[in-house]
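Novice: Sharing a structure, written as structure tokens. Questions coming.
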Amino acid sequence: MTQATFSIRRGGRETAELVDYRTDVTEGMVVLDAVHQIQAESAPDLACRWNCKAGKCGSCSAEINGMPKLMCMTRLDTIPLDEPVTIEPMRAFPPVKDLITDVSWNYEVKKRIKKFKPRKPDAEDGTWRMMQEDVDRVQEFRKCIECFLCQDVCHVLRDHEKHAEFIGPRFLVYTAALEMHPLDVENRTQDLKDAHGIGYCNITKCCTKVCPEHITITDNAIIPLKERVVDEHYDPIGKLVKLFRKR
Amino acid sequence: MTDYPTFEHDVIVIGAGGAGLRAAIEASGSGVSVGLICKSLLGKAHTVMAEGGMAAAMGHNDDRDNWKVHFSDTMRGGQYVNNWRMAELHAKEAPDRVRELESWGAVFDRTPDGRINQRNFGGHRYPRLAHVGDRTGLELIRTLQDHGIHQGIEVYMEVTVLSLLKDGDRVVGCLAYEREHGRFRIYKCKALILATGGIGRAYKITSNSWEGTGDGHALAYDAGAELIDMEFIQFHPTGMVWPPSVRGILVTEGVRGEGGILKNSEGKRFMFDDIPDNYKDQTSDTEEEGWRYVTGDKNARRPPELLTRDHVARCIMREVKAGRGSPHGGVYLDIAWIKEKIQNAPEHIKKKLPSMYHQFMQLANLDITTTPMEVGPTTHYVMGGIRVNADTQESSVPGLFAAGECAAGINGANRLGGNSLSDLIVFGKRAGEHAAIFAKENGHGTINNDQIAKAAKAALEPFERDGGENPYTIQHDLQEMMQANVGIVRMQDEMIEALNGLDILRNRAARTFVPGNIDFNPGWHTALDLHNLLIVSEAITRSAIERQESRGGHFREDFPDKDPAFSKFNFAVKKTDTGAMAISKLPIPEMPDYLKEVIAEMG
């Protein structure tokens, strides 16, 4: 039986260290299987989140050899096993214990985004009509499983810690899904510009690269939102007037 | 001692999947204060795993559909031991509940004329499942979540409930612990709704997440409520079988709804070999007719792959036992073959079944647009659960309500695919509505400190022992035993053996030891889950022993036929004063004439 070593972050909010565990590796195993095996064999108190184990719930986000991934969808035969595999929690959120982070900020951010507001129903029976081609792009955004890997990898949050001023790629996608919903009549561009800090995104596309649902976050969601903000809030004549007054 | 933090609400909902969220939205909408407790983070509940869709007779794709057809399909699928009133309410109310989701922002796939698109599914006569590709559960939970967060519902995430608290006969709160710091909490309420989902973790091969440990079933049972129909477990016919680490993960019935066929190792479409008599006139005779059905020909009858789940699962077992299985003990599910029928088949498959494509590509290195999948039965759903009043969802214990998978009645002996998501929103709403009414009519009860002290002490025991059993090992042994002895094919001797096995496991579970501290400790959680798993396992086993016939999800090799005598009642288990599990027969009330006429009319 092949074995491999997994170097897993153990510890609480303040201090932690990487601890090595060896366990058997069998065909088709994913990183989450290895973590479960280690829990059952030698570390019952090793904390990690998981639910569906099929890439559908977005609970088991972690950094595997430094790469933000879902543990349940990362096969061991895609990573080198001749050296220890490091498993660490997401870095953009405060650590709680072992692989668990405090992601409550994300839930607070979502509450600040104006909710869905549909137009009046199209038909007398209170229903609407929407064509498939008109909902395709919103359906792409609604595939999001809220794993928060895009938030984790976004340098505005990860390195510059602008959590108070910037809602992050996940919630720009969420806003895009609302703004581009064929039935929605709410306007969120003022919020995007001010409270939600869309200007912080400088389109490095790291979020798109790590998305396990392959949502084209930057091109399809963020850039069109930036364009809306510009369309509504950039006023070239006013700018010119200001410029001349200064002189 | 009871200086634990106390939280007070009019209504407490335990579980934040589709049923819990829908209940919380309804209750808070009627003006009462609502606390929603969930074991994981919000939006991660097992509902996200539902793929195919939610059944509602809206008639968008076939205007012959209506509540009567849906009702009779549900009763037929459940082999007529369903609670007919629940089946009636469900069939009548599901369309409104689905449309309501659209008004809350859900984006279903569309028909060519811009309405909600509906797909074919096993046991449904007409295309009936509102869906979003193969991720309908995610759409449901996200829609409810995003709507619910603006409703003033207080959500308590990563909190596990240990015990319901009673004042006399009535449920007045619960004791829980928050996982982050491992600390106890008291929740006081006027009415409490259980929406905790299923019991799949009692079995080794399951599509359920770690959460499916029968918590609501066990909490209700311990509080004196009745559990009915516990022998009826749904083994979904198509779970992944290879590689071993993904065994049990669900492969949606939508694959068959889109034209996927089942074949054995000889390449034969074996589902044509055994079509039950009561489905003969609804099932196609030829492969050609089956294809016409899945492509929307209203005059064609459905292919046998879309027979009910219980039957398809048994046919797969038969093929495997007869030596005609796939290399890893399943059969083949082939959607790639449709390239013989349509152009751009690979793109079509990826569009219709995106997460299945993704799942097999990533976990099994297999491209479903070119290669058949290996599939076999997996423990998926429990038809049995808390006995409730069909209209109000109140259990036999005052103040205690239940909705969704942990409640029972609507599905009888077998659930039709797609009836679960609609069950969640129909009866979630009803539970929320009636729990709020109960809360308005009744004040808070008195919390009994002795109950709290006792439950808290028992919960901490795994830390206080000087060594003992590893809870993971006990859970593993329980799953192995239930899979082997009370699985898809059941025998008297094996089930008696299982009862003895459960006694041994119960003694072992009383000696668990957990290292580490109480902060977010999964070992501790696993130790606490054992209590619930053992209760549901015993309930399943005892009920399965008593039902000496085969019906729906319950198949007895020693009684392979359906016995009309057993169609007259449901089995119920209840905790006696001594703590033992008692089983009794509950006669099924006679169906009113107007429903009998519906059944007769629909054939």
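In the structure tokens, chains take the letters A, B, ... in the order shown, each chain's residues start at 1, and ligands count up from 1 in the order shown.
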Any chance you could list, as a ChimeraX atom specification, the residues in range 28-172 of chain A that come up helix (DSSP H, G or I) when DSSP is run on the backbone?

Specialist: /A:31-41,71-73,76-78,104-111,132-141,149-153,155-158,168-172

Novice: Those selected residues, please, written with N, CA and C atoms and delivered as a short mmCIF file (atom, residue, chain, number, x, y, z; two decimals), in the first residue's frame.

Specialist:
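Wrote again.cif, looks like this:
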data_model
loop_
_atom_site.label_atom_id
_atom_site.label_comp_id
_atom_site.auth_asym_id
_atom_site.auth_seq_id
_atom_site.Cartn_x
_atom_site.Cartn_y
_atom_site.Cartn_z
N VAL A 31 -8.09 14.76 -1.45
CA VAL A 31 -7.45 15.28 -0.23
C VAL A 31 -8.37 15.13 0.98
N LEU A 32 -9.68 15.38 0.76
CA LEU A 32 -10.61 15.27 1.89
C LEU A 32 -10.66 13.84 2.45
N ASP A 33 -10.52 12.84 1.57
CA ASP A 33 -10.46 11.45 2.06
C ASP A 33 -9.27 11.26 3.00
N ALA A 34 -8.14 11.84 2.62
CA ALA A 34 -6.95 11.71 3.45
C ALA A 34 -7.19 12.37 4.81
N VAL A 35 -7.82 13.54 4.81
CA VAL A 35 -8.11 14.23 6.07
C VAL A 35 -9.04 13.38 6.93
N HIS A 36 -10.06 12.79 6.31
CA HIS A 36 -10.98 11.93 7.07
C HIS A 36 -10.28 10.71 7.64
N GLN A 37 -9.40 10.13 6.84
CA GLN A 37 -8.66 8.96 7.32
C GLN A 37 -7.80 9.33 8.52
N ILE A 38 -7.17 10.49 8.43
CA ILE A 38 -6.31 10.95 9.53
C ILE A 38 -7.15 11.21 10.79
N GLN A 39 -8.34 11.79 10.60
CA GLN A 39 -9.25 11.98 11.75
C GLN A 39 -9.58 10.65 12.40
N ALA A 40 -9.91 9.68 11.59
CA ALA A 40 -10.36 8.39 12.14
C ALA A 40 -9.21 7.61 12.76
N GLU A 41 -8.00 7.77 12.21
CA GLU A 41 -6.87 6.97 12.69
C GLU A 41 -6.12 7.62 13.85
N MET A 71 -11.11 20.61 -1.08
CA MET A 71 -10.42 19.36 -0.74
C MET A 71 -11.12 18.15 -1.35
N CYS A 72 -12.44 18.25 -1.51
CA CYS A 72 -13.20 17.09 -2.00
C CYS A 72 -13.02 16.87 -3.50
N MET A 73 -12.52 17.86 -4.22
CA MET A 73 -12.39 17.71 -5.66
C MET A 73 -10.92 17.67 -6.10
N LEU A 76 -5.59 13.00 -5.26
CA LEU A 76 -4.20 12.87 -4.83
C LEU A 76 -3.28 12.55 -6.01
N ASP A 77 -3.85 11.93 -7.07
CA ASP A 77 -2.97 11.62 -8.19
C ASP A 77 -2.68 12.85 -9.08
N THR A 78 -3.18 14.02 -8.65
CA THR A 78 -2.85 15.24 -9.39
C THR A 78 -1.79 16.07 -8.66
N SER A 104 -17.64 34.50 8.71
CA SER A 104 -18.90 35.20 8.99
C SER A 104 -18.98 36.55 8.27
N TRP A 105 -17.83 37.17 8.00
CA TRP A 105 -17.82 38.44 7.27
C TRP A 105 -18.60 38.31 5.96
N ASN A 106 -18.44 37.21 5.27
CA ASN A 106 -19.14 37.02 3.99
C ASN A 106 -20.65 37.09 4.15
N TYR A 107 -21.14 36.51 5.25
CA TYR A 107 -22.59 36.51 5.47
C TYR A 107 -23.09 37.93 5.78
N GLU A 108 -22.26 38.71 6.45
CA GLU A 108 -22.64 40.08 6.75
C GLU A 108 -22.66 40.92 5.47
N VAL A 109 -21.66 40.70 4.62
CA VAL A 109 -21.59 41.46 3.37
C VAL A 109 -22.85 41.23 2.54
N LYS A 110 -23.26 39.98 2.44
CA LYS A 110 -24.42 39.68 1.59
C LYS A 110 -25.66 40.44 2.04
N LYS A 111 -25.83 40.56 3.34
CA LYS A 111 -27.01 41.27 3.86
C LYS A 111 -27.03 42.73 3.43
N GLN A 132 -34.81 31.61 -22.45
CA GLN A 132 -33.61 30.94 -21.98
C GLN A 132 -32.35 31.77 -22.26
N GLU A 133 -32.28 32.34 -23.47
CA GLU A 133 -31.07 33.10 -23.79
C GLU A 133 -30.90 34.33 -22.91
N ASP A 134 -32.02 34.79 -22.33
CA ASP A 134 -31.92 35.95 -21.43
C ASP A 134 -31.51 35.57 -20.01
N VAL A 135 -31.66 34.30 -19.67
CA VAL A 135 -31.27 33.89 -18.31
C VAL A 135 -29.94 33.16 -18.28
N ASP A 136 -29.41 32.81 -19.46
CA ASP A 136 -28.15 32.05 -19.49
C ASP A 136 -27.05 32.69 -18.65
N ARG A 137 -26.84 34.00 -18.83
CA ARG A 137 -25.69 34.61 -18.14
C ARG A 137 -25.92 34.69 -16.64
N VAL A 138 -27.17 34.87 -16.21
CA VAL A 138 -27.45 34.89 -14.78
C VAL A 138 -27.29 33.48 -14.19
N GLN A 139 -27.68 32.49 -14.98
CA GLN A 139 -27.52 31.11 -14.49
C GLN A 139 -26.06 30.77 -14.28
N GLU A 140 -25.18 31.34 -15.08
CA GLU A 140 -23.75 31.10 -14.86
C GLU A 140 -23.36 31.59 -13.46
N PHE A 141 -23.82 32.78 -13.10
CA PHE A 141 -23.45 33.33 -11.78
C PHE A 141 -24.10 32.55 -10.65
N LEU A 149 -13.40 30.73 -2.23
CA LEU A 149 -12.02 30.65 -2.71
C LEU A 149 -11.64 31.91 -3.49
N CYS A 150 -12.61 32.50 -4.19
CA CYS A 150 -12.32 33.74 -4.93
C CYS A 150 -12.00 34.88 -3.97
N GLN A 151 -12.69 34.89 -2.83
CA GLN A 151 -12.41 35.90 -1.82
C GLN A 151 -11.02 35.67 -1.24
N ASP A 152 -10.70 34.39 -1.05
CA ASP A 152 -9.43 34.02 -0.45
C ASP A 152 -8.25 34.48 -1.29
N VAL A 153 -8.41 34.38 -2.60
CA VAL A 153 -7.27 34.61 -3.48
C VAL A 153 -7.19 36.07 -3.93
N HIS A 155 -6.32 39.69 -3.95
CA HIS A 155 -5.27 40.40 -3.20
C HIS A 155 -5.80 41.60 -2.42
N VAL A 156 -6.93 42.16 -2.87
CA VAL A 156 -7.51 43.29 -2.14
C VAL A 156 -7.91 42.85 -0.72
N LEU A 157 -8.39 41.62 -0.62
CA LEU A 157 -8.78 41.09 0.69
C LEU A 157 -7.59 40.38 1.36
N ARG A 158 -6.92 39.53 0.61
CA ARG A 158 -5.88 38.67 1.17
C ARG A 158 -4.67 39.49 1.65
N GLY A 168 -15.55 42.03 -2.47
CA GLY A 168 -14.87 40.85 -2.99
C GLY A 168 -15.60 40.23 -4.17
N PRO A 169 -14.87 39.39 -4.93
CA PRO A 169 -15.42 38.82 -6.16
C PRO A 169 -16.73 38.05 -5.96
N ARG A 170 -16.83 37.30 -4.86
CA ARG A 170 -18.07 36.53 -4.67
C ARG A 170 -19.29 37.45 -4.70
N PHE A 171 -19.17 38.58 -4.02
CA PHE A 171 -20.37 39.41 -3.91
C PHE A 171 -20.54 40.36 -5.09
N LEU A 172 -19.48 40.50 -5.88
CA LEU A 172 -19.67 41.18 -7.16
C LEU A 172 -20.43 40.24 -8.10
#

Novice: Can you tell me, as a PyMOL selection string, what residues are no more than 6 Å from range 510-519 of chain B when counting only C-alpha atoms, ignoring any on the same chain fewer than 5 positions away?

Specialist: (chain A and resi 45) or (chain B and resi 180-182+462-463+467-471+524)

Novice: Generate the output file for the selected residues, C-alpha atoms, as a PDB file, in the first residue's frame.

Specialist:
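out34.pdb was written with the following content:
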ATOM      1  CA  ASP A  45     -10.091  16.389  17.019  1.00  0.00           C
TER       2      ASP A  45
ATOM      3  CA  GLU B 180     -16.666  26.823  17.725  1.00  0.00           C
ATOM      4  CA  HIS B 181     -16.139  26.940  21.484  1.00  0.00           C
ATOM      5  CA  GLY B 182     -17.968  23.773  22.454  1.00  0.00           C
ATOM      6  CA  PRO B 462     -16.566  11.245  26.197  1.00  0.00           C
ATOM      7  CA  PHE B 463     -14.012  13.755  27.520  1.00  0.00           C
ATOM      8  CA  GLY B 467      -9.443   6.138  27.453  1.00  0.00           C
ATOM      9  CA  GLY B 468     -12.159   4.215  25.654  1.00  0.00           C
ATOM     10  CA  GLU B 469     -13.455   3.516  22.161  1.00  0.00           C
ATOM     11  CA  ASN B 470     -12.792   5.651  19.115  1.00  0.00           C
ATOM     12  CA  PRO B 471     -16.207   7.005  18.008  1.00  0.00           C
ATOM     13  CA  TRP B 524     -16.777  14.698  19.960  1.00  0.00           C
TER      14      TRP B 524
END

Novice: Give as a VMD selection string every residue of chain B that touches chain A within 6 Å, counting only C-alpha atoms.

Specialist: chain B and resid 44 110 114 to 115 209 243 245 472 516 521 to 523

Novice: Selected residues, N, CA and C atoms, written as a JSON list (two decimals), in the first residue's frame, please.

Specialist:
[["chain", "number", "residue", "atom", "x", "y", "z"],
["B", 44, "LYS", "N", -25.29, 25.33, 3.24],
["B", 44, "LYS", "CA", -24.50, 24.14, 2.94],
["B", 44, "LYS", "C", -25.29, 22.85, 3.16],
["B", 110, "ARG", "N", -35.95, 27.48, -18.96],
["B", 110, "ARG", "CA", -37.18, 27.99, -19.60],
["B", 110, "ARG", "C", -37.69, 27.09, -20.73],
["B", 114, "GLY", "N", -41.00, 30.79, -22.80],
["B", 114, "GLY", "CA", -40.57, 31.63, -21.70],
["B", 114, "GLY", "C", -41.09, 31.28, -20.32],
["B", 115, "ARG", "N", -41.74, 30.12, -20.20],
["B", 115, "ARG", "CA", -42.21, 29.70, -18.88],
["B", 115, "ARG", "C", -41.19, 28.74, -18.24],
["B", 209, "SER", "N", -24.42, 13.55, 3.25],
["B", 209, "SER", "CA", -23.24, 14.16, 3.87],
["B", 209, "SER", "C", -23.15, 13.70, 5.33],
["B", 243, "PRO", "N", -14.08, 5.57, -8.48],
["B", 243, "PRO", "CA", -13.21, 4.87, -7.53],
["B", 243, "PRO", "C", -13.83, 4.76, -6.13],
["B", 245, "SER", "N", -13.31, 5.86, -3.19],
["B", 245, "SER", "CA", -13.53, 7.00, -2.30],
["B", 245, "SER", "C", -14.79, 7.78, -2.66],
["B", 472, "TYR", "N", -15.21, 7.06, 15.79],
["B", 472, "TYR", "CA", -15.21, 6.82, 14.34],
["B", 472, "TYR", "C", -15.30, 5.32, 14.04],
["B", 516, "GLY", "N", -8.41, 15.78, 23.02],
["B", 516, "GLY", "CA", -8.46, 17.18, 22.62],
["B", 516, "GLY", "C", -9.43, 17.96, 23.50],
["B", 521, "ASN", "N", -14.61, 20.22, 17.79],
["B", 521, "ASN", "CA", -13.99, 18.89, 17.87],
["B", 521, "ASN", "C", -14.87, 17.85, 17.15],
["B", 522, "PRO", "N", -14.48, 17.46, 15.92],
["B", 522, "PRO", "CA", -15.32, 16.53, 15.16],
["B", 522, "PRO", "C", -15.42, 15.15, 15.79],
["B", 523, "GLY", "N", -14.41, 14.75, 16.54],
["B", 523, "GLY", "CA", -14.47, 13.46, 17.23],
["B", 523, "GLY", "C", -15.60, 13.47, 18.25]]

Novice: For each of B:Lys575, B:Arg128, B:His525, B:His150, take the minimum atom-to-atom distance to Ala176 in chain B, counting only C-alpha atoms, then give the residue where this is smallest.

Specialist: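 Among the listed residues, B:His525 lies closest to Ala176 in chain B.
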
Novice: So, with only C-alpha atoms as the atoms that count, which of B:Gly197, B:Gly133, B:Gly29, B:Gly257 lies closest to Gly148 in chain B?

Specialist: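 Residue with the minimum atom-to-atom distance to Gly148 in chain B: B:Gly29.
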
Novice: Leaving out Ala459 in chain B and any residue of its chain fewer than 2 positions from it, which residues lie within 9 Å of it when counting only C-alpha atoms, given as a PyMOL selection string?

Specialist: chain B and resi 162+454-457+461-463+524+527-528

Novice: Using only C-alpha atoms, which of A:Leu81, A:Ala62, A:Cys154, A:Ile167 sits nearest Ile203 in chain A?

Specialist: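 Going through A:Leu81, A:Ala62, A:Cys154, A:Ile167 one by one, the smallest distance to Ile203 in chain A is for A:Cys154.
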
Novice: Can you pull out every residue within 10 Å of Val229 in chain A, counting only C-alpha atoms, but drop anything in the same chain fewer than 2 positions away, and send it as a list in words?

Specialist: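 Selected residues are Arg188, Thr189, Gln190, Asp191, Leu192, Lys193, Ile198, Gly199, Ile223, Pro224, Leu225, Lys226, Glu227, Asp231, Glu232, His233 and Tyr234 of chain A.
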
Novice: Would you mind listing what lies within 7 Å of range 117-124 of chain B as a ChimeraX atom specification, with only C-alpha atoms counted and same-chain residues fewer than 3 positions away left out?

Specialist: /B:60-61,73,77,109-111,127-131,253-254,257,306-308,416-417

Novice: Identify, with DSSP run on backbone atoms, the residues in range 34-103 of chain A assigned to strand (DSSP E or B), and express the list as number ranges by chain.

Specialist: A: 61-64, 67-70, 75, 85-88, 95-97, 100-101

Novice: Save the residues we just selected, C-alpha atoms, as a CSV table (one decimal), in the first residue's frame?

Specialist:
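Saved result, part.csv, follows:
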chain,number,residue,atom,x,y,z
A,61,SER,CA,-12.1,25.1,0.9
A,62,ALA,CA,-8.4,25.1,1.9
A,63,GLU,CA,-5.0,25.8,0.5
A,64,ILE,CA,-3.3,22.7,-0.7
A,67,MET,CA,-3.2,26.6,-3.9
A,68,PRO,CA,-6.8,27.5,-3.0
A,69,LYS,CA,-8.9,24.5,-3.7
A,70,LEU,CA,-11.9,22.3,-2.6
A,75,ARG,CA,-7.4,14.1,-6.4
A,85,VAL,CA,1.3,17.7,1.0
A,86,THR,CA,0.6,20.8,3.0
A,87,ILE,CA,-3.0,21.6,3.9
A,88,GLU,CA,-3.7,25.0,5.4
A,95,PRO,CA,-8.2,31.2,11.6
A,96,VAL,CA,-10.5,29.5,14.2
A,97,LYS,CA,-9.1,26.1,14.6
A,100,ILE,CA,-11.5,26.2,10.0
A,101,THR,CA,-11.7,29.9,9.4
